[in-house]
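Structure file run19.pdb (PDB, C-alpha atoms) is printed below.
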```pdb
ATOM      1  CA  MET A   1       7.874 -38.324  29.289
ATOM      2  CA  ASN A   2      11.372 -37.694  30.645
ATOM      3  CA  SER A   3      12.870 -34.269  31.383
ATOM      4  CA  LYS A   4      15.226 -34.441  28.378
ATOM      5  CA  PHE A   5      12.320 -34.935  25.977
ATOM      6  CA  THR A   6      10.388 -32.108  27.644
ATOM      7  CA  SER A   7      13.382 -29.804  27.209
ATOM      8  CA  ILE A   8      13.599 -30.640  23.507
ATOM      9  CA  LEU A   9       9.917 -29.799  22.945
ATOM     10  CA  LEU A  10      10.360 -26.534  24.847
ATOM     11  CA  ILE A  11      13.338 -25.553  22.679
ATOM     12  CA  VAL A  12      11.367 -26.274  19.497
ATOM     13  CA  ALA A  13       8.395 -24.214  20.738
ATOM     14  CA  LEU A  14      10.579 -21.272  21.765
ATOM     15  CA  GLY A  15      12.431 -21.402  18.455
ATOM     16  CA  ALA A  16       9.218 -21.242  16.444
ATOM     17  CA  SER A  17       7.795 -18.398  18.512
ATOM     18  CA  SER A  18      11.008 -16.360  18.285
ATOM     19  CA  VAL A  19      10.959 -16.524  14.489
ATOM     20  CA  GLY A  20       7.328 -15.401  14.322
ATOM     21  CA  CYS A  21       5.830 -13.411  11.452
ATOM     22  CA  ALA A  22       7.889 -10.302  11.973
ATOM     23  CA  THR A  23      10.821 -11.406   9.839
ATOM     24  CA  ASP A  24      11.361 -12.707   6.332
ATOM     25  CA  THR A  25      12.985 -15.818   7.785
ATOM     26  CA  SER A  26       9.793 -17.248   9.256
ATOM     27  CA  PRO A  27       9.379 -20.915   8.272
ATOM     28  CA  PHE A  28       5.583 -20.622   8.316
ATOM     29  CA  PHE A  29       3.839 -20.250   4.956
ATOM     30  CA  THR A  30       0.959 -18.198   6.392
ATOM     31  CA  CYS A  31       3.383 -15.630   7.817
ATOM     32  CA  ARG A  32       5.249 -15.339   4.551
ATOM     33  CA  LEU A  33       1.995 -15.012   2.614
ATOM     34  CA  TRP A  34       0.722 -12.050   4.650
ATOM     35  CA  GLU A  35       4.035 -10.326   5.386
ATOM     36  CA  ASN A  36       5.759 -10.674   2.009
ATOM     37  CA  ALA A  37       5.347  -7.733  -0.386
ATOM     38  CA  THR A  38       5.458 -10.093  -3.378
ATOM     39  CA  PHE A  39       1.665 -10.368  -3.369
ATOM     40  CA  GLU A  40       1.117  -6.598  -3.100
ATOM     41  CA  SER A  41       0.849  -4.398  -6.161
ATOM     42  CA  PHE A  42       0.048  -0.703  -6.431
ATOM     43  CA  TYR A  43      -1.597   1.862  -8.644
ATOM     44  CA  GLU A  44       0.463   5.040  -8.858
ATOM     45  CA  PRO A  45       0.858   8.204 -10.938
ATOM     46  CA  ALA A  46       2.357   7.602 -14.366
ATOM     47  CA  SER A  47       5.620   9.258 -15.319
ATOM     48  CA  PRO A  48       4.832  11.857 -16.498
ATOM     49  CA  ALA A  49       1.472  12.142 -14.743
ATOM     50  CA  ASN A  50       0.169  14.904 -17.064
ATOM     51  CA  LEU A  51      -1.479  16.583 -14.090
ATOM     52  CA  GLU A  52      -4.271  19.102 -14.643
ATOM     53  CA  VAL A  53      -6.403  20.898 -12.039
ATOM     54  CA  TYR A  54      -9.814  22.501 -12.652
ATOM     55  CA  ARG A  55     -12.084  24.797 -10.644
ATOM     56  CA  SER A  56     -15.471  23.162 -10.102
ATOM     57  CA  LEU A  57     -18.543  25.060  -8.927
ATOM     58  CA  LYS A  58     -20.919  22.084  -8.656
ATOM     59  CA  PRO A  59     -19.590  20.682  -6.407
ATOM     60  CA  GLN A  60     -17.460  23.576  -5.172
ATOM     61  CA  ASP A  61     -14.097  21.867  -5.229
ATOM     62  CA  LEU A  62     -10.945  21.335  -7.238
ATOM     63  CA  LEU A  63     -11.063  18.573  -9.834
ATOM     64  CA  VAL A  64      -7.674  16.861 -10.113
ATOM     65  CA  THR A  65      -6.939  14.818 -13.236
ATOM     66  CA  TYR A  66      -3.828  12.762 -13.956
ATOM     67  CA  ASP A  67      -2.509   9.651 -15.713
ATOM     68  CA  GLU A  68      -2.363   6.500 -13.587
ATOM     69  CA  SER A  69      -0.221   3.410 -14.097
ATOM     70  CA  HIS A  70       0.010  -0.032 -12.515
ATOM     71  CA  GLU A  71       3.457  -1.374 -11.656
ATOM     72  CA  SER A  72       2.881  -4.671 -13.468
ATOM     73  CA  ARG A  73       0.811  -3.438 -16.435
ATOM     74  CA  ASP A  74       1.570  -1.277 -19.444
ATOM     75  CA  LYS A  75      -1.843   0.418 -19.724
ATOM     76  CA  ILE A  76      -2.105   4.096 -18.714
ATOM     77  CA  ARG A  77      -5.489   5.234 -17.407
ATOM     78  CA  ARG A  78      -6.761   8.806 -17.088
ATOM     79  CA  ARG A  79      -8.113   9.444 -13.591
ATOM     80  CA  ALA A  80     -10.053  12.269 -11.926
ATOM     81  CA  PHE A  81     -11.159  13.028  -8.375
ATOM     82  CA  TYR A  82     -12.428  15.979  -6.361
ATOM     83  CA  LEU A  83      -9.699  17.109  -3.989
ATOM     84  CA  ASN A  84     -11.667  18.029  -0.858
ATOM     85  CA  ALA A  85     -13.928  14.985  -1.167
ATOM     86  CA  SER A  86     -10.974  12.573  -1.330
ATOM     87  CA  LEU A  87      -8.190  14.411   0.496
ATOM     88  CA  GLU A  88      -8.315  12.263   3.651
ATOM     89  CA  ARG A  89      -8.340   9.014   1.672
ATOM     90  CA  VAL A  90      -5.448  10.149  -0.537
ATOM     91  CA  ASN A  91      -3.306  11.163   2.446
ATOM     92  CA  GLN A  92      -3.991   7.754   4.030
ATOM     93  CA  GLY A  93      -2.760   5.905   0.930
ATOM     94  CA  ARG A  94      -6.267   4.781  -0.007
ATOM     95  CA  LYS A  95      -8.098   4.854  -3.311
ATOM     96  CA  PRO A  96      -9.805   8.223  -3.964
ATOM     97  CA  HIS A  97     -13.456   8.537  -4.924
ATOM     98  CA  PHE A  98     -12.783   8.632  -8.652
ATOM     99  CA  VAL A  99     -15.130  10.373 -11.079
ATOM    100  CA  SER A 100     -15.189  10.522 -14.856
ATOM    101  CA  PRO A 101     -12.416  12.668 -16.367
ATOM    102  CA  ARG A 102     -15.117  14.024 -18.686
ATOM    103  CA  LYS A 103     -16.331  16.174 -15.797
ATOM    104  CA  ALA A 104     -13.418  18.501 -16.608
ATOM    105  CA  VAL A 105     -15.086  19.533 -19.872
ATOM    106  CA  GLY A 106     -16.078  23.207 -19.677
ATOM    107  CA  LEU A 107     -14.323  23.876 -16.361
ATOM    108  CA  ALA A 108     -11.726  26.611 -15.871
ATOM    109  CA  THR A 109      -8.158  25.379 -15.616
ATOM    110  CA  VAL A 110      -6.166  26.295 -12.504
ATOM    111  CA  ALA A 111      -2.490  26.903 -13.166
ATOM    112  CA  VAL A 112      -0.080  24.482 -11.465
ATOM    113  CA  ILE A 113       3.366  25.969 -11.067
ATOM    114  CA  PRO A 114       6.750  24.653  -9.858
ATOM    115  CA  GLU A 115       7.245  24.959  -6.097
ATOM    116  CA  ALA A 116      10.247  27.241  -6.565
ATOM    117  CA  GLU A 117       8.126  29.866  -8.385
ATOM    118  CA  VAL A 118       5.323  30.180  -5.827
ATOM    119  CA  GLN A 119       6.312  33.603  -4.466
ATOM    120  CA  SER A 120       6.253  35.223  -7.903
ATOM    121  CA  VAL A 121       2.723  34.130  -8.852
ATOM    122  CA  ALA A 122      -0.280  36.374  -8.273
ATOM    123  CA  THR A 123      -3.625  35.138  -6.938
ATOM    124  CA  THR A 124      -5.735  33.463  -9.651
ATOM    125  CA  ASN A 125      -9.123  31.758  -9.586
ATOM    126  CA  GLY A 126      -9.515  32.474  -5.865
ATOM    127  CA  PHE A 127      -6.299  30.663  -4.867
ATOM    128  CA  ALA A 128      -2.945  32.208  -4.051
ATOM    129  CA  SER A 129      -1.285  29.323  -5.894
ATOM    130  CA  ILE A 130      -1.243  25.623  -6.628
ATOM    131  CA  SER A 131       2.321  24.386  -6.750
ATOM    132  CA  ILE A 132       3.904  21.054  -7.576
ATOM    133  CA  SER A 133       7.103  19.524  -6.240
ATOM    134  CA  ALA A 134      10.111  18.783  -8.406
ATOM    135  CA  ASP A 135       9.248  15.075  -8.547
ATOM    136  CA  GLY A 136       5.748  15.852  -9.838
ATOM    137  CA  GLN A 137       4.066  13.898  -7.020
ATOM    138  CA  ARG A 138       3.290  16.387  -4.247
ATOM    139  CA  LEU A 139       0.974  19.397  -4.565
ATOM    140  CA  MET A 140       0.391  22.360  -2.296
ATOM    141  CA  VAL A 141      -2.763  24.490  -2.486
ATOM    142  CA  ARG A 142      -2.447  27.935  -0.861
ATOM    143  CA  ASP A 143      -5.513  30.160  -0.580
ATOM    144  CA  PRO A 144      -5.456  33.972  -0.243
ATOM    145  CA  ASP A 145      -5.943  33.693   3.551
ATOM    146  CA  GLY A 146      -2.733  31.733   3.946
ATOM    147  CA  GLU A 147      -4.318  28.316   4.464
ATOM    148  CA  LYS A 148      -2.351  25.415   2.980
ATOM    149  CA  VAL A 149      -3.498  22.009   1.825
ATOM    150  CA  GLU A 150      -0.811  19.498   0.860
ATOM    151  CA  PHE A 151      -1.330  16.140  -0.804
ATOM    152  CA  ARG A 152       0.394  13.609  -3.012
ATOM    153  CA  LEU A 153      -1.036  12.125  -6.152
ATOM    154  CA  PRO A 154      -2.721   8.833  -5.209
ATOM    155  CA  THR A 155      -0.701   5.668  -4.671
ATOM    156  CA  TYR A 156      -2.833   2.812  -3.352
ATOM    157  CA  PRO A 157      -2.816  -1.003  -3.313
ATOM    158  CA  ALA A 158      -4.630  -3.000  -5.974
ATOM    159  CA  ALA A 159      -7.656  -4.910  -4.704
ATOM    160  CA  SER A 160      -6.259  -8.161  -6.132
ATOM    161  CA  GLY A 161      -3.473  -8.255  -3.517
ATOM    162  CA  PRO A 162      -5.615  -8.965  -0.415
ATOM    163  CA  ALA A 163      -7.995 -11.145  -2.446
ATOM    164  CA  LEU A 164      -5.131 -13.337  -3.629
ATOM    165  CA  ARG A 165      -3.819 -13.675  -0.077
ATOM    166  CA  VAL A 166      -7.247 -14.736   1.193
ATOM    167  CA  ALA A 167      -7.524 -17.320  -1.587
ATOM    168  CA  LEU A 168      -4.104 -18.794  -0.808
ATOM    169  CA  THR A 169      -4.443 -18.762   2.999
ATOM    170  CA  PRO A 170      -6.085 -22.243   3.269
ATOM    171  CA  LEU A 171      -3.182 -23.769   1.323
ATOM    172  CA  ALA A 172      -0.695 -21.919   3.528
ATOM    173  CA  VAL A 173      -2.413 -23.223   6.680
ATOM    174  CA  VAL A 174      -2.197 -26.793   5.346
ATOM    175  CA  GLY A 175       1.498 -26.249   4.641
ATOM    176  CA  ASP A 176       2.079 -24.936   8.171
ATOM    177  CA  THR A 177       0.266 -27.939   9.634
ATOM    178  CA  VAL A 178       2.454 -30.351   7.676
ATOM    179  CA  LEU A 179       5.563 -28.401   8.716
ATOM    180  CA  VAL A 180       4.690 -28.489  12.425
ATOM    181  CA  ALA A 181       3.717 -32.171  12.247
ATOM    182  CA  SER A 182       7.054 -32.982  10.601
ATOM    183  CA  VAL A 183       9.021 -31.158  13.297
ATOM    184  CA  VAL A 184       7.066 -32.864  16.068
ATOM    185  CA  GLY A 185       7.622 -36.239  14.362
ATOM    186  CA  ILE A 186      11.364 -35.656  14.234
ATOM    187  CA  VAL A 187      11.409 -34.680  17.914
ATOM    188  CA  PHE A 188       9.468 -37.783  18.897
ATOM    189  CA  ALA A 189      11.781 -39.966  16.805
ATOM    190  CA  TYR A 190      14.836 -38.418  18.434
ATOM    191  CA  ALA A 191      13.337 -38.873  21.881
ATOM    192  CA  TRP A 192      12.456 -42.490  21.090
ATOM    193  CA  VAL A 193      16.036 -43.211  20.097
ATOM    194  CA  SER A 194      17.628 -41.250  22.939
ATOM    195  CA  THR A 195      15.589 -43.032  25.618
ATOM    196  CA  GLY A 196      16.980 -46.375  24.540
ATOM    197  CA  TYR A 197      13.985 -47.937  22.766
ATOM    198  CA  VAL A 198      16.046 -48.432  19.638
ATOM    199  CA  HIS A 199      19.409 -50.226  19.956
TER     200      HIS A 199
END
```

Kindly transcribe the structure held in the file into C-alpha cells.
Amino acid sequence: MNSKFTSILLIVALGASSVGCATDTSPFFTCRLWENATFESFYEPASPANLEVYRSLKPQDLLVTYDESHESRDKIRRRAFYLNASLERVNQGRKPHFVSPRKAVGLATVAVIPEAEVQSVATTNGFASISISADGQRLMVRDPDGEKVEFRLPTYPAASGPALRVALTPLAVVGDTVLVASVVGIVFAYAWVSTGYVH
C-alpha cells in the first residue's frame, strides 16, 4: 500500500470522526436515530391545565390534579399525583407516580393564586400560599415558616420514543455498514486507478 493511498484512508477516517454524532450533519444513520428529536414525543400540561390542589391527610401531602395532553394526540387526560412523593421526579423531567384523580373526592381544596397576589393572601390550610406563574406551568408552595417548594407541572418523554429507537437501531447499523463499505470501496477504486493498474 503506497503512502498516497494511506493518506487517502486517513483523510476519510478523520472526516468521519470529525462529523461524529454531535451534529445534525452526521452521515451515520445510528447517530441521526439517537440524536434527532423527531423520534421523541412528550406528555405535557394541557392548555388550560385546569389545575387543582387538595390537602391530603392519608398520606399527609398535597394532591395535585391537572389535565395532560400529548403533543401528537388530541385526547386530554386527567392526571393526579402527590407532590412530595413525586417532587424529585417532576423536577428531573421524569414521569410522576400518578394516582387516580378520584382520590381528590372528599379532600379540602387548597387555593391556588396568581404569583402577583401572594403577599395579600392570608395563611390557609396550614400553608402561607400556593401560587402559580403567569404561564400556568410553575407553582410555588410557601409554608408559614417561610420554606418554599417550587415545581413545574410535569413534562416528560413518552415511553414509545426510546422503544422505537431501540427497534430501529439494527436497521440503522446495517445502513451505517453499507455506507462505510461504499466509502471504502470508492477509496480502493480511486487508489487502484491512481496507482496505474487501470490505463

Fewer than 6 positions away in the same chain doesn't count, so skip those; otherwise give me all residues within 9 Å of Val53 of chain A, counting all atoms listed in the file, as an mmCIF file with C-alpha atoms, in the coordinates of the input.
```
data_model
loop_
_atom_site.group_PDB
_atom_site.id
_atom_site.type_symbol
_atom_site.label_atom_id
_atom_site.label_comp_id
_atom_site.auth_asym_id
_atom_site.auth_seq_id
_atom_site.Cartn_x
_atom_site.Cartn_y
_atom_site.Cartn_z
ATOM 1 C CA LEU A 62 -10.945 21.335 -7.238
ATOM 2 C CA LEU A 63 -11.063 18.573 -9.834
ATOM 3 C CA VAL A 64 -7.674 16.861 -10.113
ATOM 4 C CA THR A 65 -6.939 14.818 -13.236
ATOM 5 C CA TYR A 66 -3.828 12.762 -13.956
ATOM 6 C CA ALA A 104 -13.418 18.501 -16.608
ATOM 7 C CA ALA A 108 -11.726 26.611 -15.871
ATOM 8 C CA THR A 109 -8.158 25.379 -15.616
ATOM 9 C CA VAL A 110 -6.166 26.295 -12.504
ATOM 10 C CA ALA A 111 -2.490 26.903 -13.166
ATOM 11 C CA VAL A 112 -0.080 24.482 -11.465
ATOM 12 C CA ILE A 130 -1.243 25.623 -6.628
#
```

**Request:** For the structure shown, which residues end up in the PyMOL selection byres ((chain A and resi 87-90) around 10)? Put them as a PyMOL selection string, please?
**Result:** chain A and resi 81-86+91-97+149-156

**Request:** Would you mind listing what lies within 12 Å of Tyr43 of chain A as a list of chain:residue names, with only C-alpha atoms counted and same-chain residues fewer than 2 positions away left out?
**Result:** A:Glu40, A:Ser41, A:Pro45, A:Ala46, A:Asp67, A:Glu68, A:Ser69, A:His70, A:Glu71, A:Ser72, A:Arg73, A:Asp74, A:Lys75, A:Ile76, A:Arg77, A:Arg79, A:Gly93, A:Arg94, A:Lys95, A:Pro96, A:Leu153, A:Pro154, A:Thr155, A:Tyr156, A:Pro157, A:Ala158, A:Ala159, A:Ser160, A:Gly161

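Atom CA of Glu44 of chain A to atom CA of Val141 of chain A spans 20.7 Å [interatomic distance, one decimal].
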
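Taking atom CA of Asp143 of chain A and atom CA of Leu51 of chain A as endpoints, the distance between them is 19.6 Å.
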
**Message:** Please report the interatomic distance between atom CA of Ser129 of chain A and atom CA of Asn50 of chain A in Å with one decimal.
**Reply:**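 Straight-line distance from atom CA of Ser129 of chain A to atom CA of Asn50 of chain A works out to 18.3 Å.
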
**Item:** Nearby residues (only C-alpha atoms) at most 12 Å from Gly106 of chain A, same-chain spacing under 4 positions excluded, as a PyMOL selection string
**Value:** chain A and resi 54-57+63+101-102

**Request:** Excluding Ile113 of chain A and any residue of its chain fewer than 4 positions from it, enumerate the residues within 10 Å of it, using all atoms listed in the file, and give them as a PyMOL selection string.
**Result:** chain A and resi 117-118+121+129-133+139-140

Centre and edges of the segment 82-96 of chain A box, axis-aligned, 8 Å extra per side, as JSON:
```
{"center_x": -8.3, "center_y": 11.4, "center_z": -1.2, "size_x": 27.2, "size_y": 29.2, "size_z": 26.4}
```
